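Beneath this line is the structure, given in structure tokens, with notes to follow.
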Amino acid sequence: MPRTTKLPLKLKLPLIMVGLTGAFLVTVSLLIYSMAERSIRENAFAAQKIEAKSGAQALEFLIKAARSDVSSLAGQPAVFRAIGNFERVIGMVEEDDPIAYLRQTYAAENPNPAQQREELTDAGDGSYYNQSHVTYHPTFLQSLRLNGYQDLYLISAKGQVVYSVKKRDDFLTEIAPEAGNGLARVFQAALQAEAGTVVAADFAAYSHSPDGVAAFMAAPVFSKRKQVVGVIAVQLGTKGIVNALTSNLSGGTHQNIFVASSDGLARSPSSVEGLFPVLQKMPDTPQIQAAKAREAGQFEAVASSLGERAIALVMPLELPGFDWSLVLETDEDNAFAVVERIRLIAAGLIGAALLAAIGVCWLAARSVTRPIHALREATNALADSNYDTDIKGRDRGDELGDLARSLDSFRGKLIEVDAAAAREVEAARHTAAVVDSMSAALSELQRGNLTCDIQAPFDGHYETLRENFNRSLDRLRGSMSDVAEAAENVGRFSEEQRGAATEMAHRTESQAATLEETAGAIRELTGGIRDTAAQAGRMDKTMRGARDEAEQSTDVVTSAVAAMDQIQEASSEISKIINMIDDIAFQTNLLALNAGVEAARAGPAGAGFAVVASEVRALAQRASNAAGQIKGLTSASEEHVANGVAMVGRAGDALTSIIEQVSAVSGLVTDIADGVRTQSRGLQKIDGAMHQLDNMTQQNAAMSEEAAAASQLLQNESHSLTDIIGRFDLGRGKAAPAASQGVNRGRPRMSA
């Protein structure tokens, strides 16, 4: 941006007038805008406070209604009777496992979807539990729907959930004191509470809840004798909490309302879906710090959970059992949208006013800048040495007239200055002669002539310049002579160093080649031993497998011998039973014979009995014959089994001998494999050492070649320096000695 002092007056004057007018307009507009902005901000904070208070009241009403409902249900005789009846009829279910049967009936085989199991009232199985369920379920289901509970439980004094509305995985479970979840905590607290007292557990992880988290309220249930018979508990979900908090919000996704506890955890999900879940650790922002300390306050320009700058309000809630603080965050851009619109309107009005001011000021400034422009034209003419130009405005009575008259006086002084300049031209001619002499001497010096002293004296004070130049040239000649002698010495020394380095490089290359061949031979030997070790390992593995198979075969033979022994013992038992049957047949035959004799004595009256006796005798005879045949077969079987036992025993002895021999061979193979592996590891170490030594030798060879090359380079540079000095004429009748004649100027070849 150009400086204002460089602007022409015809622009500067309008700009000054426009600037003053614009400053006035901007000042007035900013005052009005600040007053409007302050009012709008106060209204935005007030609206946010109203919305937060409305959400807090709705949440307090929800929690108090739930507490009142739980307390009322706990005091009803129907709840006392329901707990007693459900606890009693569970034991009356005529199944091996009543708990599993009831879960199967009301949960697994429930005809309704998993989220609508409460729709089943009558299971239709005719059990006493179903009769109680039909009686009490509609009442508890209505209470759950009216209050928006996630579930309602009846828990016996022993800790068994005898009834639940939703029939989830916690139905008919035993509540262990060490469980640590919210339901276990409120159950234990309710057992110790007085009548009418409601205990609560804040939102925490609970695996049986659809959301994975839940809060609980519970109250003790007393009998007519004022004894605790159980606990009624309700499960609170996060959906009801969010609905209560957002009942009067109007900011949509630009607002987020939630409750946080003193430990910095979110006790409700964000009202903006998917932003964060329950039990999320909230960031350490000013509003969260106030919520943790349970301090009310409003905050401006803070980072919100929405990821934007926001205004936030914190309001502690007085809810027994819950140390919650309500947090409401509103996006600043959305809250102060009216302020932005007012800012745009004010900017438009200021712009229009400035445009009008520019037009008026431009016309006013033209009447002032026109005579100034005429004076500028006269000044430019004088600057071009045009002294005959007419200077207008000398007859004006204002400051511009004074300026014109001063300019006319200045024209006369310029004429006098031009005369003085002519005198300076003569002095410049003498200076040019000095410059020409110095230029000629410097040109000779540029060509390398160090004997170009200036002999002709200069005029006046320029003589000092000539003397200084001649003294400097004399000192330069002396320095160049010294450099020439040093270059000759460097060339001689570098030639000796190059020869020694070249000889060392040849010896190192020969040593590296020999070492590389040795390393290759050791590497091939190491590879062969490694392959041998691998084959020995595979042979060892094969022998171990053979030994394992033989040992398993021994177990099979042993089992077969045991089975043969059992068969032989069974055959002996069968022989005993057959002998017994033979004895019974013999006794039966005698009895039948006696019965026949007695029937013959009885005459006609015993004719029928004689026939029966005859049949019994015939049956006894057949039984005796069959027993004889079975006994023969059993004897033959015993002989065969005995032969099988003997043969299997001999096979077992043979397998045992084979196992011993295979074990001996396997041990030898294992020893061989271990020895080969040890040799392979040793050769690998030798191979690694040789490889490392080979690398070091190769590096030494490369360094030797580099040293030889560096010596050659140094010698070449020495020759180049001598050549450079030879370009100068030192005044000794000849140029500086060129020691590089006959020497190879090429760069030495670098080998890796």
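Lettering and numbering for the structure tokens are positional, with chains as A, B, ... in the shown order, residues counted from 1 in each chain, and ligands counted from 1 in the shown order.
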
Using DSSP on the backbone, list every residue of segment 174-335 of chain A that comes out as alpha helix (DSSP H), and give them as number ranges by chain. A: 182-191, 238-245, 286-292, 332-335

Output file for the residues above (C-alpha atoms, as a JSON list (two decimals), in the first residue's frame):
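New file out.json:
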[["chain", "number", "residue", "atom", "x", "y", "z"],
["A", 182, "GLY", "CA", -26.87, -51.87, 39.97],
["A", 183, "LEU", "CA", -29.65, -54.40, 40.58],
["A", 184, "ALA", "CA", -27.56, -56.22, 43.22],
["A", 185, "ARG", "CA", -26.74, -52.91, 44.96],
["A", 186, "VAL", "CA", -30.34, -51.69, 45.19],
["A", 187, "PHE", "CA", -31.50, -55.16, 46.35],
["A", 188, "GLN", "CA", -28.99, -55.24, 49.22],
["A", 189, "ALA", "CA", -29.78, -51.63, 50.17],
["A", 190, "ALA", "CA", -33.56, -52.20, 50.05],
["A", 191, "LEU", "CA", -33.33, -55.22, 52.38],
["A", 238, "THR", "CA", -31.57, -43.80, 28.93],
["A", 239, "LYS", "CA", -34.31, -43.12, 26.38],
["A", 240, "GLY", "CA", -36.69, -41.70, 29.00],
["A", 241, "ILE", "CA", -33.93, -39.49, 30.42],
["A", 242, "VAL", "CA", -33.13, -38.05, 26.97],
["A", 243, "ASN", "CA", -36.82, -37.49, 26.16],
["A", 244, "ALA", "CA", -37.29, -35.55, 29.41],
["A", 245, "LEU", "CA", -34.21, -33.41, 28.84],
["A", 286, "PRO", "CA", -14.88, -25.54, 32.01],
["A", 287, "GLN", "CA", -18.51, -26.73, 31.96],
["A", 288, "ILE", "CA", -17.54, -30.32, 32.83],
["A", 289, "GLN", "CA", -15.32, -29.06, 35.68],
["A", 290, "ALA", "CA", -18.28, -27.10, 37.05],
["A", 291, "ALA", "CA", -20.52, -30.19, 36.72],
["A", 292, "LYS", "CA", -17.99, -32.30, 38.62],
["A", 332, "GLU", "CA", -22.37, -19.93, 19.27],
["A", 333, "ASP", "CA", -23.07, -19.42, 15.57],
["A", 334, "ASN", "CA", -26.61, -20.68, 16.01],
["A", 335, "ALA", "CA", -27.22, -18.82, 19.29]]

Which parts of segment 10-181 of chain A does DSSP call strand (DSSP E) when run on the backbone here, written out as a count of residues only? 10

Give me, please, the distance in Å between atom CA of Phe276 of chain A and atom CA of Ala233 of chain A, quoted to one decimal. 27.9 Å

List as a list of chain:residue names the protein and nucleic acid residues near segment 151-153 of chain A, meaning an atom at most 9 Å away when only C-alpha atoms are counted, but skip any in the same chain fewer than 6 places from it.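 Near neighbours after the sequence-gap exclusion: A:Phe140, A:Leu141, A:Ser143, A:Leu144, A:Val161, A:Val162, A:Tyr163, A:Ser164, A:Val165, A:Lys166, A:Lys167, A:Arg168, A:Phe171, A:Ser209, A:Val231, A:Ile232, A:Ala233, A:Val234, A:Gln235, A:Leu236, A:Gly237.
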
Find the residues around Val616 of chain A up to 12 Å (only C-alpha atoms counted), leave out those fewer than 6 positions away in its own chain, and share them as a PyMOL selection string. chain A and resi 585-596+609-610+622-623

Contacts of Glu660 of chain A within 12 Å, only C-alpha atoms, excl. fewer than 2 positions in-chain, as a list in words: Ala546, Arg547, Asp548, Ala550, Glu551, Thr554, Asp653, Ala654, Leu655, Thr656, Ser657, Ile658, Val662, Ser663, Ala664, Val665, Ser666 and Gly667 of chain A
